[in-house]
$ cat coords.txt   # compact mmCIF, C-alpha atoms
# COMPACT_ATOMS: atom_id res chain seq x y z
CA MET X 1 7.17 -20.41 -28.38
CA ASN X 2 6.95 -17.83 -31.14
CA THR X 3 5.19 -14.47 -31.17
CA SER X 4 2.13 -15.80 -32.97
CA ASP X 5 1.58 -18.46 -30.28
CA MET X 6 1.54 -15.78 -27.58
CA LYS X 7 -0.77 -13.55 -29.59
CA GLN X 8 -3.14 -16.45 -30.16
CA MET X 9 -3.23 -17.16 -26.41
CA TYR X 10 -4.20 -13.56 -25.63
CA CYS X 11 -6.54 -12.98 -28.56
CA LYS X 12 -8.16 -16.35 -29.14
CA ASN X 13 -8.16 -17.78 -25.62
CA MET X 14 -8.15 -14.80 -23.25
CA GLY X 15 -10.54 -12.38 -24.96
CA ILE X 16 -8.14 -9.60 -25.99
CA ASP X 17 -8.77 -7.79 -29.28
CA GLU X 18 -5.81 -7.79 -31.68
CA LYS X 19 -5.69 -3.98 -31.64
CA VAL X 20 -5.42 -3.96 -27.85
CA TYR X 21 -2.73 -6.64 -27.94
CA ASP X 22 -0.62 -4.97 -30.63
CA PHE X 23 -0.86 -1.58 -28.90
CA SER X 24 0.24 -3.13 -25.59
CA GLU X 25 3.23 -4.85 -27.15
CA LYS X 26 4.40 -1.60 -28.71
CA ILE X 27 4.20 0.11 -25.34
CA LEU X 28 6.24 -2.66 -23.70
CA GLU X 29 9.07 -2.29 -26.18
CA GLY X 30 10.02 1.01 -24.56
CA LEU X 31 9.89 -0.19 -20.94
CA GLN X 32 12.61 -2.81 -20.75
CA ASP X 33 15.27 -0.54 -19.25
CA ARG X 34 12.90 0.59 -16.47
CA PHE X 35 11.92 -2.99 -15.78
CA ALA X 36 15.59 -3.94 -15.45
CA LYS X 37 16.08 -1.27 -12.77
CA ILE X 38 13.06 -2.58 -10.86
CA ASP X 39 14.59 -6.06 -10.93
CA LYS X 40 17.81 -4.69 -9.43
CA THR X 41 15.90 -3.10 -6.55
CA ALA X 42 14.05 -6.37 -5.99
CA GLU X 43 17.33 -8.26 -5.93
CA TYR X 44 18.75 -5.93 -3.27
CA ASN X 45 15.61 -6.15 -1.13
CA GLN X 46 15.48 -9.93 -1.54
CA LEU X 47 18.97 -10.14 -0.08
CA LYS X 48 17.99 -7.75 2.73
CA VAL X 49 15.11 -10.04 3.72
CA LEU X 50 17.24 -13.17 3.41
CA GLN X 51 20.00 -11.63 5.52
CA ALA X 52 17.52 -10.83 8.30
CA MET X 53 16.11 -14.37 8.24
CA GLN X 54 19.56 -15.95 8.35
CA LYS X 55 20.74 -13.59 11.10
CA ASN X 56 17.80 -14.65 13.26
CA LYS X 57 18.40 -18.36 12.56
CA VAL X 58 14.95 -19.13 11.22
CA ALA X 59 14.21 -22.81 11.72
CA GLU X 60 11.36 -25.17 10.94
CA MET X 61 10.03 -24.77 14.47
CA HIS X 62 9.40 -21.07 13.81
CA LEU X 63 6.89 -21.93 11.08
CA THR X 64 4.41 -23.51 13.49
CA GLY X 65 1.87 -21.52 15.47
CA SER X 66 0.51 -21.18 18.97
CA THR X 67 -2.97 -21.27 20.48
CA GLY X 68 -4.71 -19.77 23.47
CA TYR X 69 -2.71 -16.99 25.05
CA GLY X 70 0.19 -17.48 22.66
CA TYR X 71 2.84 -17.40 25.38
CA ASN X 72 6.40 -18.20 24.25
CA ASP X 73 5.56 -18.19 20.53
CA GLU X 74 9.10 -18.34 19.16
CA GLY X 75 7.97 -18.05 15.56
CA ARG X 76 6.03 -14.85 16.26
CA ASP X 77 8.81 -13.28 18.32
CA THR X 78 11.50 -14.17 15.77
CA LEU X 79 9.43 -12.78 12.92
CA GLU X 80 9.07 -9.50 14.79
CA GLN X 81 12.84 -9.30 15.20
CA ILE X 82 13.22 -9.96 11.47
CA TYR X 83 10.89 -7.06 10.69
CA ALA X 84 12.86 -4.85 13.08
CA ASP X 85 16.09 -5.82 11.30
CA ILE X 86 14.66 -5.21 7.82
CA PHE X 87 13.31 -1.80 8.82
CA HIS X 88 16.36 -1.01 10.99
CA THR X 89 14.20 -0.27 14.03
CA GLU X 90 14.48 -1.16 17.70
CA ALA X 91 11.35 -3.30 17.74
CA ALA X 92 8.34 -4.46 15.73
CA LEU X 93 4.83 -5.73 16.29
CA VAL X 94 3.68 -8.18 13.59
CA ARG X 95 0.35 -9.79 14.40
CA PRO X 96 -2.61 -11.54 12.79
CA GLN X 97 -4.76 -9.74 15.37
CA ILE X 98 -4.14 -6.51 13.43
CA VAL X 99 -7.01 -6.84 10.99
CA CYS X 100 -5.97 -4.33 8.30
CA GLY X 101 -3.82 -1.30 7.60
CA THR X 102 -6.44 1.06 9.00
CA HIS X 103 -6.47 -0.93 12.23
CA ALA X 104 -2.67 -0.85 12.42
CA LEU X 105 -2.72 2.93 12.08
CA ASN X 106 -5.44 3.27 14.70
CA VAL X 107 -3.48 1.09 17.15
CA ALA X 108 -0.30 3.12 16.58
CA LEU X 109 -2.08 6.47 17.00
CA ALA X 110 -4.33 5.58 19.93
CA ALA X 111 -1.41 3.93 21.74
CA ASN X 112 0.93 6.89 21.49
CA LEU X 113 -1.47 9.81 21.96
CA ARG X 114 -3.14 10.94 25.17
CA PRO X 115 -5.99 13.37 25.94
CA GLY X 116 -4.81 16.91 25.31
CA ASP X 117 -2.29 15.88 22.65
CA GLU X 118 -2.51 17.04 19.06
CA LEU X 119 -2.03 15.02 15.89
CA LEU X 120 -0.57 16.85 12.89
CA SER X 121 -0.67 15.79 9.25
CA PRO X 122 1.73 17.98 7.25
CA VAL X 123 0.82 16.29 3.94
CA GLY X 124 -2.88 17.14 3.74
CA LYS X 125 -5.85 15.02 4.74
CA PRO X 126 -5.08 11.32 5.17
CA TYR X 127 -6.87 8.48 3.42
CA ASP X 128 -10.66 8.42 3.74
CA THR X 129 -10.77 5.55 6.26
CA MET X 130 -8.75 7.70 8.67
CA ASP X 131 -11.52 10.30 8.91
CA GLU X 132 -13.46 8.43 11.57
CA ILE X 133 -10.34 7.40 13.46
CA ILE X 134 -9.27 11.02 13.79
CA GLY X 135 -12.79 12.38 14.20
CA ILE X 136 -12.89 14.46 11.03
CA ARG X 137 -16.16 12.63 10.58
CA PRO X 138 -17.72 11.93 13.99
CA SER X 139 -17.49 8.29 14.99
CA LYS X 140 -17.66 6.25 18.16
CA GLY X 141 -14.24 5.77 19.69
CA SER X 142 -12.48 8.39 17.56
CA LEU X 143 -9.39 10.21 18.80
CA ALA X 144 -11.51 13.35 19.03
CA GLU X 145 -13.79 11.62 21.57
CA TYR X 146 -10.73 11.10 23.75
CA GLY X 147 -9.78 14.76 23.63
CA ILE X 148 -7.06 14.44 21.02
CA SER X 149 -7.12 17.34 18.57
CA TYR X 150 -6.11 17.30 14.92
CA ARG X 151 -4.48 19.79 12.62
CA GLN X 152 -3.37 19.49 9.01
CA VAL X 153 -1.28 21.47 6.56
CA ASP X 154 -2.08 20.89 2.91
CA LEU X 155 0.59 20.40 0.30
CA LEU X 156 1.28 23.34 -1.98
CA PRO X 157 -0.30 23.27 -5.47
CA ASP X 158 2.89 21.84 -6.96
CA GLY X 159 2.89 18.97 -4.44
CA SER X 160 5.72 20.36 -2.30
CA PHE X 161 5.63 20.74 1.47
CA ASP X 162 4.31 24.01 2.91
CA TYR X 163 7.20 24.40 5.34
CA ASP X 164 6.15 27.84 6.56
CA ASN X 165 2.73 26.68 7.67
CA ILE X 166 4.07 23.39 9.01
CA ALA X 167 6.38 25.36 11.30
CA LYS X 168 3.43 27.47 12.47
CA ALA X 169 1.28 24.38 13.07
CA ILE X 170 3.76 22.68 15.41
CA ASN X 171 2.98 23.80 18.96
CA GLU X 172 3.25 22.69 22.58
CA LYS X 173 0.40 20.18 22.09
CA THR X 174 1.85 18.52 18.99
CA LYS X 175 2.71 14.97 20.05
CA LEU X 176 2.64 12.98 16.84
CA VAL X 177 3.10 13.79 13.15
CA THR X 178 1.52 11.38 10.67
CA ILE X 179 2.91 11.19 7.13
CA GLN X 180 1.01 9.20 4.53
CA ARG X 181 3.46 7.93 1.92
CA SER X 182 0.92 6.90 -0.69
CA LYS X 183 -1.61 9.22 -2.31
CA GLY X 184 -4.77 7.41 -1.20
CA TYR X 185 -7.68 8.89 -3.15
CA ALA X 186 -5.97 12.28 -3.46
CA GLN X 187 -4.52 13.42 -6.75
CA ARG X 188 -1.11 14.24 -5.33
CA PRO X 189 2.35 12.71 -5.68
CA THR X 190 3.37 9.72 -3.63
CA LEU X 191 6.20 10.68 -1.29
CA SER X 192 9.64 9.23 -1.85
CA VAL X 193 11.67 8.00 1.10
CA ALA X 194 14.07 10.89 0.51
CA ARG X 195 11.29 13.48 0.69
CA ILE X 196 9.87 11.87 3.81
CA GLY X 197 13.34 12.12 5.36
CA GLU X 198 13.54 15.82 4.55
CA LEU X 199 10.14 16.44 6.13
CA ILE X 200 11.01 14.47 9.27
CA ALA X 201 14.30 16.35 9.65
CA PHE X 202 12.44 19.66 9.39
CA VAL X 203 9.87 18.63 12.01
CA LYS X 204 12.49 17.23 14.39
CA LYS X 205 14.55 20.41 14.17
CA ILE X 206 11.54 22.37 15.45
CA LYS X 207 10.44 19.80 18.06
CA PRO X 208 12.90 16.90 18.52
CA GLU X 209 10.66 14.89 20.86
CA VAL X 210 7.71 14.70 18.48
CA ILE X 211 6.85 11.20 17.21
CA CYS X 212 6.97 10.90 13.42
CA MET X 213 4.83 8.06 12.09
CA VAL X 214 4.71 7.01 8.43
CA ASP X 215 1.77 5.19 6.89
CA ASN X 216 3.92 2.91 4.74
CA CYS X 217 1.06 1.07 3.00
CA TYR X 218 1.84 0.19 -0.64
CA GLY X 219 5.43 1.43 -0.29
CA GLU X 220 7.40 -1.44 1.24
CA PHE X 221 10.27 -2.76 -0.92
CA VAL X 222 9.60 -0.27 -3.73
CA GLU X 223 12.86 1.54 -2.94
CA LEU X 224 16.15 0.42 -1.43
CA ALA X 225 15.39 2.22 1.85
CA GLU X 226 12.33 2.53 4.08
CA PRO X 227 11.08 5.61 6.00
CA SER X 228 12.55 4.21 9.20
CA ASP X 229 15.97 4.60 7.58
CA VAL X 230 15.44 8.37 7.37
CA GLY X 231 14.18 9.17 10.84
CA ALA X 232 10.64 7.80 11.18
CA ASP X 233 9.86 6.70 14.74
CA MET X 234 7.17 4.33 13.47
CA VAL X 235 6.36 2.76 10.12
CA VAL X 236 2.98 1.09 9.84
CA GLY X 237 1.46 -1.19 7.23
CA SER X 238 -0.71 -4.14 6.28
CA LEU X 239 0.37 -7.71 5.59
CA ILE X 240 -2.23 -8.12 2.85
CA LYS X 241 -0.35 -5.44 0.96
CA ASN X 242 3.35 -5.49 0.01
CA PRO X 243 5.12 -7.25 2.90
CA GLY X 244 2.75 -10.23 2.97
CA GLY X 245 3.81 -11.21 -0.52
CA GLY X 246 0.31 -12.42 -1.34
CA LEU X 247 0.55 -15.32 1.11
CA ALA X 248 -0.27 -13.63 4.42
CA PRO X 249 -4.01 -14.22 5.00
CA CYS X 250 -4.37 -11.24 7.35
CA GLY X 251 -2.34 -9.07 9.71
CA GLY X 252 -0.42 -5.86 10.02
CA TYR X 253 2.83 -4.49 11.40
CA ILE X 254 4.18 -1.56 13.38
CA ALA X 255 7.97 -1.16 13.41
CA GLY X 256 9.76 1.58 15.30
CA THR X 257 11.27 2.66 18.57
CA LYS X 258 10.98 0.31 21.52
CA GLU X 259 8.75 2.78 23.36
CA CYS X 260 6.33 3.32 20.45
CA VAL X 261 6.04 -0.40 19.74
CA GLU X 262 5.52 -1.28 23.41
CA GLN X 263 2.74 1.28 23.64
CA ALA X 264 1.15 -0.22 20.53
CA ALA X 265 1.38 -3.74 21.94
CA TYR X 266 -0.37 -2.69 25.15
CA ARG X 267 -3.10 -1.05 23.08
CA LEU X 268 -3.53 -4.06 20.81
CA SER X 269 -3.81 -6.59 23.65
CA SER X 270 -4.10 -5.10 27.13
CA PRO X 271 -2.13 -3.06 29.65
CA GLY X 272 0.10 -5.48 31.52
CA LEU X 273 0.09 -8.04 28.70
CA GLY X 274 1.54 -6.29 25.64
CA LYS X 275 3.63 -8.41 23.28
CA GLU X 276 3.62 -11.48 25.54
CA VAL X 277 0.25 -12.69 24.27
CA GLY X 278 -1.31 -13.23 20.87
CA ALA X 279 -1.65 -16.68 19.33
CA THR X 280 -0.57 -17.13 15.71
CA LEU X 281 -2.89 -20.11 15.07
CA GLY X 282 -0.74 -21.86 12.47
CA ILE X 283 -0.20 -18.98 10.04
CA ASN X 284 3.44 -18.21 10.83
CA GLN X 285 4.59 -20.06 7.73
CA SER X 286 2.46 -17.81 5.52
CA PHE X 287 3.90 -14.72 7.21
CA TYR X 288 7.49 -15.92 6.78
CA GLN X 289 7.13 -17.20 3.23
CA GLY X 290 5.12 -14.17 2.13
CA LEU X 291 7.78 -11.82 3.49
CA PHE X 292 10.46 -13.84 1.68
CA LEU X 293 8.61 -13.52 -1.63
CA ALA X 294 7.56 -9.88 -1.10
CA PRO X 295 10.43 -8.13 -2.95
CA THR X 296 9.78 -10.02 -6.20
CA VAL X 297 6.00 -9.74 -5.87
CA VAL X 298 6.34 -5.97 -5.38
CA ALA X 299 8.57 -5.80 -8.47
CA GLY X 300 5.84 -7.41 -10.57
CA ALA X 301 3.25 -4.99 -9.22
CA LEU X 302 5.53 -2.04 -9.99
CA LYS X 303 5.96 -3.19 -13.57
CA GLY X 304 2.18 -3.41 -13.87
CA ALA X 305 1.77 0.14 -12.57
CA ILE X 306 4.33 1.52 -15.01
CA PHE X 307 2.72 -0.38 -17.88
CA ALA X 308 -0.69 1.03 -16.91
CA ALA X 309 0.65 4.58 -16.80
CA ASN X 310 2.23 4.32 -20.23
CA VAL X 311 -0.79 2.65 -21.80
CA TYR X 312 -3.39 5.06 -20.50
CA GLU X 313 -1.30 8.18 -21.01
CA LYS X 314 -0.87 7.23 -24.66
CA LEU X 315 -4.65 6.74 -24.82
CA GLY X 316 -5.14 10.34 -23.72
CA PHE X 317 -5.98 9.94 -20.04
CA LYS X 318 -4.31 11.77 -17.16
CA VAL X 319 -2.28 9.40 -15.02
CA ILE X 320 -0.56 9.91 -11.65
CA PRO X 321 2.35 9.20 -11.57
CA ASN X 322 2.86 9.93 -15.25
CA SER X 323 4.57 7.55 -17.65
CA THR X 324 8.12 8.71 -16.86
CA GLU X 325 8.07 9.67 -13.17
CA SER X 326 9.96 7.72 -10.53
CA ARG X 327 7.95 5.27 -8.41
CA HIS X 328 7.56 5.26 -4.64
CA ASP X 329 4.55 2.96 -4.21
CA ILE X 330 2.70 0.37 -6.29
CA ILE X 331 -0.44 2.44 -6.95
CA GLN X 332 -1.33 3.86 -10.34
CA SER X 333 -4.09 6.44 -10.68
CA VAL X 334 -5.92 6.82 -14.00
CA GLU X 335 -8.44 9.66 -14.34
CA LEU X 336 -11.19 8.19 -16.52
CA GLY X 337 -13.44 11.25 -16.51
CA THR X 338 -16.82 9.51 -16.34
CA PRO X 339 -18.53 7.00 -14.05
CA GLU X 340 -18.95 4.72 -17.07
CA GLY X 341 -15.20 4.75 -17.67
CA LEU X 342 -14.38 3.96 -14.04
CA ILE X 343 -16.91 1.13 -13.91
CA ALA X 344 -15.69 -0.38 -17.19
CA PHE X 345 -12.06 -0.20 -16.06
CA CYS X 346 -12.87 -2.04 -12.83
CA LYS X 347 -14.96 -4.63 -14.65
CA GLY X 348 -11.93 -5.38 -16.82
CA ILE X 349 -9.71 -5.91 -13.79
CA GLN X 350 -12.32 -8.21 -12.23
CA ALA X 351 -12.65 -10.18 -15.46
CA ALA X 352 -8.89 -10.82 -15.38
CA ALA X 353 -8.94 -12.33 -11.88
CA PRO X 354 -8.20 -15.97 -11.03
CA VAL X 355 -10.98 -15.90 -8.42
CA ASP X 356 -14.50 -14.56 -9.09
CA SER X 357 -13.66 -13.54 -12.65
CA TYR X 358 -17.28 -14.19 -13.62
CA VAL X 359 -18.81 -11.67 -11.22
CA THR X 360 -19.50 -8.02 -12.01
CA PRO X 361 -18.33 -5.35 -9.55
CA GLU X 362 -20.86 -2.64 -8.76
CA PRO X 363 -20.50 0.64 -6.85
CA TRP X 364 -21.73 0.53 -3.25
CA ALA X 365 -21.64 2.52 -0.02
CA MET X 366 -18.59 0.99 1.66
CA PRO X 367 -18.04 1.69 5.38
CA GLY X 368 -15.48 4.45 5.98
CA TYR X 369 -16.03 6.29 2.68
CA ASP X 370 -18.08 9.40 1.91
CA SER X 371 -19.28 8.28 -1.55
CA ASP X 372 -20.08 5.06 -3.36
CA VAL X 373 -16.94 3.09 -4.20
CA ILE X 374 -16.39 0.42 -6.83
CA MET X 375 -13.83 -2.27 -6.12
CA ALA X 376 -12.50 -5.02 -8.37
CA ALA X 377 -10.61 -7.68 -6.48
CA GLY X 378 -10.81 -11.30 -7.49
CA ALA X 379 -8.26 -12.31 -4.88
CA PHE X 380 -7.16 -15.44 -3.04
CA VAL X 381 -7.20 -13.33 0.16
CA GLN X 382 -10.24 -11.08 0.59
CA GLY X 383 -9.28 -7.43 0.15
CA SER X 384 -5.63 -8.20 -0.58
CA SER X 385 -4.35 -5.23 -2.55
CA ILE X 386 -0.98 -6.76 -3.36
CA GLU X 387 -3.08 -8.99 -5.58
CA LEU X 388 -4.45 -7.55 -8.82
CA SER X 389 -7.09 -5.03 -7.84
CA ALA X 390 -8.58 -1.65 -8.70
CA ASP X 391 -10.95 0.68 -6.97
CA GLY X 392 -12.17 4.24 -6.95
CA PRO X 393 -14.85 6.54 -5.57
CA LEU X 394 -17.79 7.40 -7.81
CA LYS X 395 -17.05 11.11 -7.87
CA ALA X 396 -15.06 13.42 -10.12
CA PRO X 397 -12.50 12.99 -11.61
CA TYR X 398 -13.61 9.33 -11.60
CA ALA X 399 -10.09 8.05 -11.04
CA ALA X 400 -9.32 4.35 -10.89
CA TYR X 401 -6.57 3.29 -8.50
CA PHE X 402 -4.87 0.21 -9.87
CA GLN X 403 -2.43 -1.85 -7.84
CA GLY X 404 -0.96 -5.26 -7.32
CA GLY X 405 -0.54 -8.43 -9.28
CA LEU X 406 1.21 -11.40 -7.71
CA THR X 407 3.08 -11.77 -10.99
CA TRP X 408 3.94 -9.21 -13.65
CA TYR X 409 2.18 -11.29 -16.29
CA HIS X 410 -1.09 -11.18 -14.39
CA ALA X 411 -0.79 -7.42 -13.89
CA LYS X 412 -0.16 -7.05 -17.63
CA TYR X 413 -3.24 -9.08 -18.52
CA GLY X 414 -5.36 -7.12 -16.04
CA ILE X 415 -4.48 -3.81 -17.68
CA MET X 416 -5.15 -5.25 -21.11
CA MET X 417 -8.57 -6.45 -19.95
CA SER X 418 -9.38 -3.01 -18.54
CA MET X 419 -8.58 -1.57 -21.97
CA GLN X 420 -10.64 -4.27 -23.62
CA GLN X 421 -13.74 -3.45 -21.56
CA MET X 422 -13.44 0.26 -22.30
CA TYR X 423 -12.70 -0.38 -25.98
CA GLU X 424 -15.80 -2.57 -26.36
CA LYS X 425 -17.96 0.17 -24.82
CA GLY X 426 -16.51 2.88 -27.05
CA LEU X 427 -14.87 4.66 -24.13
CA LEU X 428 -11.42 4.73 -25.70
CA THR X 429 -9.85 4.61 -29.14
CA ILE X 430 -6.74 2.57 -29.89
CA PRO X 431 -4.33 4.75 -31.90
CA GLU X 432 -2.87 3.33 -35.09
CA LYS X 433 0.57 4.72 -34.27
CA LEU X 434 2.27 5.73 -31.01
$ encode --input "coords.txt" --output "structure tokens"
Amino acid sequence: MNTSDMKQMYCKNMGIDEKVYDFSEKILEGLQDRFAKIDKTAEYNQLKVLQAMQKNKVAEMHLTGSTGYGYNDEGRDTLEQIYADIFHTEAALVRPQIVCGTHALNVALAANLRPGDELLSPVGKPYDTMDEIIGIRPSKGSLAEYGISYRQVDLLPDGSFDYDNIAKAINEKTKLVTIQRSKGYAQRPTLSVARIGELIAFVKKIKPEVICMVDNCYGEFVELAEPSDVGADMVVGSLIKNPGGGLAPCGGYIAGTKECVEQAAYRLSSPGLGKEVGATLGINQSFYQGLFLAPTVVAGALKGAIFAANVYEKLGFKVIPNSTESRHDIIQSVELGTPEGLIAFCKGIQAAAPVDSYVTPEPWAMPGYDSDVIMAAGAFVQGSSIELSADGPLKAPYAAYFQGGLTWYHAKYGIMMSMQQMYEKGLLTIPEKL
């Protein structure tokens, strides 16, 4: 296939203007070295996953599921040991009964905190959906209702940790420290594994017995190491993000110390039952195969994020991370400046989807958020944000948060379609020269 064949496919068949296509190809010429490094990380993590599967002697019988109580589900129990080996933890809880990342975090927190304890976030306010879990916004069943207090220390203006105030915030009630790796809807840097390790070491030096939990959503397999390799007592995430590889239809995980994971299991099921119950209902194969594919799927999503940053920065928009910064999760923020820009961007992502490409996303009052949110996600699994998706709150600075893409080529097309939508509406100008 020659260059003109590819250009014809994009421009004649897939609705991309020649100016958008040519601009994108020029951007990609300068990204090949970075893409090669991403592939090396994916190769290492692929071998890490494969080693864990081989060590645990995965067999065909592990791919079947259980029903009812789920007693003696060898596939489930083996998968949890594989997760523990990948994350280098004592134990793991990997269950379809964990409905999303927010639920996984709630289980981990509620299981390991007791009335009178205090939860500390030393990296500012967590993601919006955590507000009602903590009780920042009153909600039925919040930690606050159970007498668990909350304290936070914001990052400094340059994005660094405010160590002085963190030290002051740790007190006799501090039981658990929660560290959100990804930025959420905040315009702050994503935390690298190395920085997370530095923060955990600082906290542990002041109070060694405190539990350090990392919200690892969007970060798995982006680097060679995970937060559990640098001192985290728990790492928590969703299977419809990175580690599910696009195949897991639901689920979440909590990996960490035996004590923390046991507490979480009792909270998820029931005191006295814990990890012994929980049917997998025939989806073990999706969990195993998705985990196996996850490192390469994450690599494609990372390439898409870097491509998006370089494209939109050259178009004059503020992007976080910027076009040259190192990457520690798969999310790319683009500040579009206007509600029209945010809506057009998301419409472009939706139009690029394999599922529901013909529908138009509209802002709406989603549960757990304090403003209308627009979400574009034409996914095989509802809400799967390892698949090509974008979302953002309808409030200044009107930032779109782009992530995912089961393949790099789909992520590339999604970004081009977002540009196309904005270009057609006169919301951006394609430069003649870079």
$ atom_distance --input "coords.txt" --atom1 "atom CA of Phe380 of chain X" --atom2 "atom CA of Glu80 of chain X"
24.8 Å
$ atom_distance --input "coords.txt" --atom1 "atom CA of Tyr409 of chain X" --atom2 "atom CA of Gly237 of chain X"
25.6 Å
$ residues_around --input "coords.txt" --residues "Ala104 of chain X" --least-positions-apart "2" --cutoff "12 Å" --atoms "only C-alpha atoms" --output "number ranges by chain"
X: 93-102, 106-111, 130, 133, 213-217, 234-239, 250-255, 261, 264-265, 267-268
$ residues_around --input "coords.txt" --residues "Leu63 of chain X" --least-positions-apart "3" --cutoff "12 Å" --atoms "all atoms listed in the file" --output "NGL selection string"
:X and (58-60 or 66 or 73-79 or 280-290)
$ residues_around --input "coords.txt" --residues "segment 308-318 of chain X" --least-positions-apart "5" --cutoff "9 Å" --atoms "only C-alpha atoms" --output "ChimeraX atom specification"
/X:23-24,27-28,31,303,323-324,332-337,402,411-412,415-416,419,428-431,434
$ residues_around --input "coords.txt" --residues "Val49 of chain X" --least-positions-apart "5" --cutoff "8 Å" --atoms "all atoms listed in the file" --output "JSON, numbers by chain"
{"X": [82, 86, 291, 292]}
$ residues_around --input "coords.txt" --residues "Glu325 of chain X" --least-positions-apart "5" --cutoff "10 Å" --atoms "all atoms listed in the file" --output "count of residues only"
4
$ atom_distance --input "coords.txt" --atom1 "atom CA of Cys11 of chain X" --atom2 "atom CA of Gly30 of chain X"
22.0 Å
$ closest_residue --input "coords.txt" --among "X:Ile16, X:Ala399, X:Val230, X:Ala344" --to "Ala186 of chain X" --atoms "only C-alpha atoms"
X:Ala399
$ closest_residue --input "coords.txt" --among "X:Pro363, X:Tyr150, X:Val277, X:Glu432" --to "Arg137 of chain X" --atoms "all atoms listed in the file"
X:Tyr150
$ closest_residue --input "coords.txt" --among "X:Ile38, X:Ile166, X:Ala390, X:Leu50" --to "Lys204 of chain X" --atoms "all atoms listed in the file"
X:Ile166
$ closest_residue --input "coords.txt" --among "X:Thr3, X:Gln350, X:Asn72, X:Asn56" --to "Ala279 of chain X" --atoms "only C-alpha atoms"
X:Asn72
$ closest_residue --input "coords.txt" --among "X:Gln81, X:Gln152, X:Gln8, X:Ser228" --to "Pro126 of chain X" --atoms "all atoms listed in the file"
X:Gln152
$ closest_residue --input "coords.txt" --among "X:Asp391, X:Asp356, X:Glu43, X:Glu362" --to "Met375 of chain X" --atoms "only C-alpha atoms"
X:Asp391
$ residues_near_point --input "coords.txt" --point "(-2.6, -2.6, 0.9)" --cutoff "7 Å" --atoms "only C-alpha atoms" --output "list of chain:residue names"
X:Gly101, X:Cys217, X:Tyr218, X:Ser238, X:Ile240, X:Lys241, X:Asn242, X:Ser384, X:Ser385, X:Ile386
$ residues_near_point --input "coords.txt" --point "(-6.9, -17.4, -5.7)" --cutoff "12 Å" --atoms "all atoms listed in the file" --output "PyMOL selection string"
chain X and resi 246-247+249+352-357+377-384+387-388+405-406
$ write_last_selection --input "coords.txt" --atoms "C-alpha atoms" --output "PDB file, in the frame of the given file"
ATOM      1  CA  GLY X 246       0.310 -12.420  -1.340  1.00  0.00           C
ATOM      2  CA  LEU X 247       0.550 -15.320   1.110  1.00  0.00           C
ATOM      3  CA  PRO X 249      -4.010 -14.220   5.000  1.00  0.00           C
ATOM      4  CA  ALA X 352      -8.890 -10.820 -15.380  1.00  0.00           C
ATOM      5  CA  ALA X 353      -8.940 -12.330 -11.880  1.00  0.00           C
ATOM      6  CA  PRO X 354      -8.200 -15.970 -11.030  1.00  0.00           C
ATOM      7  CA  VAL X 355     -10.980 -15.900  -8.420  1.00  0.00           C
ATOM      8  CA  ASP X 356     -14.500 -14.560  -9.090  1.00  0.00           C
ATOM      9  CA  SER X 357     -13.660 -13.540 -12.650  1.00  0.00           C
ATOM     10  CA  ALA X 377     -10.610  -7.680  -6.480  1.00  0.00           C
ATOM     11  CA  GLY X 378     -10.810 -11.300  -7.490  1.00  0.00           C
ATOM     12  CA  ALA X 379      -8.260 -12.310  -4.880  1.00  0.00           C
ATOM     13  CA  PHE X 380      -7.160 -15.440  -3.040  1.00  0.00           C
ATOM     14  CA  VAL X 381      -7.200 -13.330   0.160  1.00  0.00           C
ATOM     15  CA  GLN X 382     -10.240 -11.080   0.590  1.00  0.00           C
ATOM     16  CA  GLY X 383      -9.280  -7.430   0.150  1.00  0.00           C
ATOM     17  CA  SER X 384      -5.630  -8.200  -0.580  1.00  0.00           C
ATOM     18  CA  GLU X 387      -3.080  -8.990  -5.580  1.00  0.00           C
ATOM     19  CA  LEU X 388      -4.450  -7.550  -8.820  1.00  0.00           C
ATOM     20  CA  GLY X 405      -0.540  -8.430  -9.280  1.00  0.00           C
ATOM     21  CA  LEU X 406       1.210 -11.400  -7.710  1.00  0.00           C
TER      22      LEU X 406
END
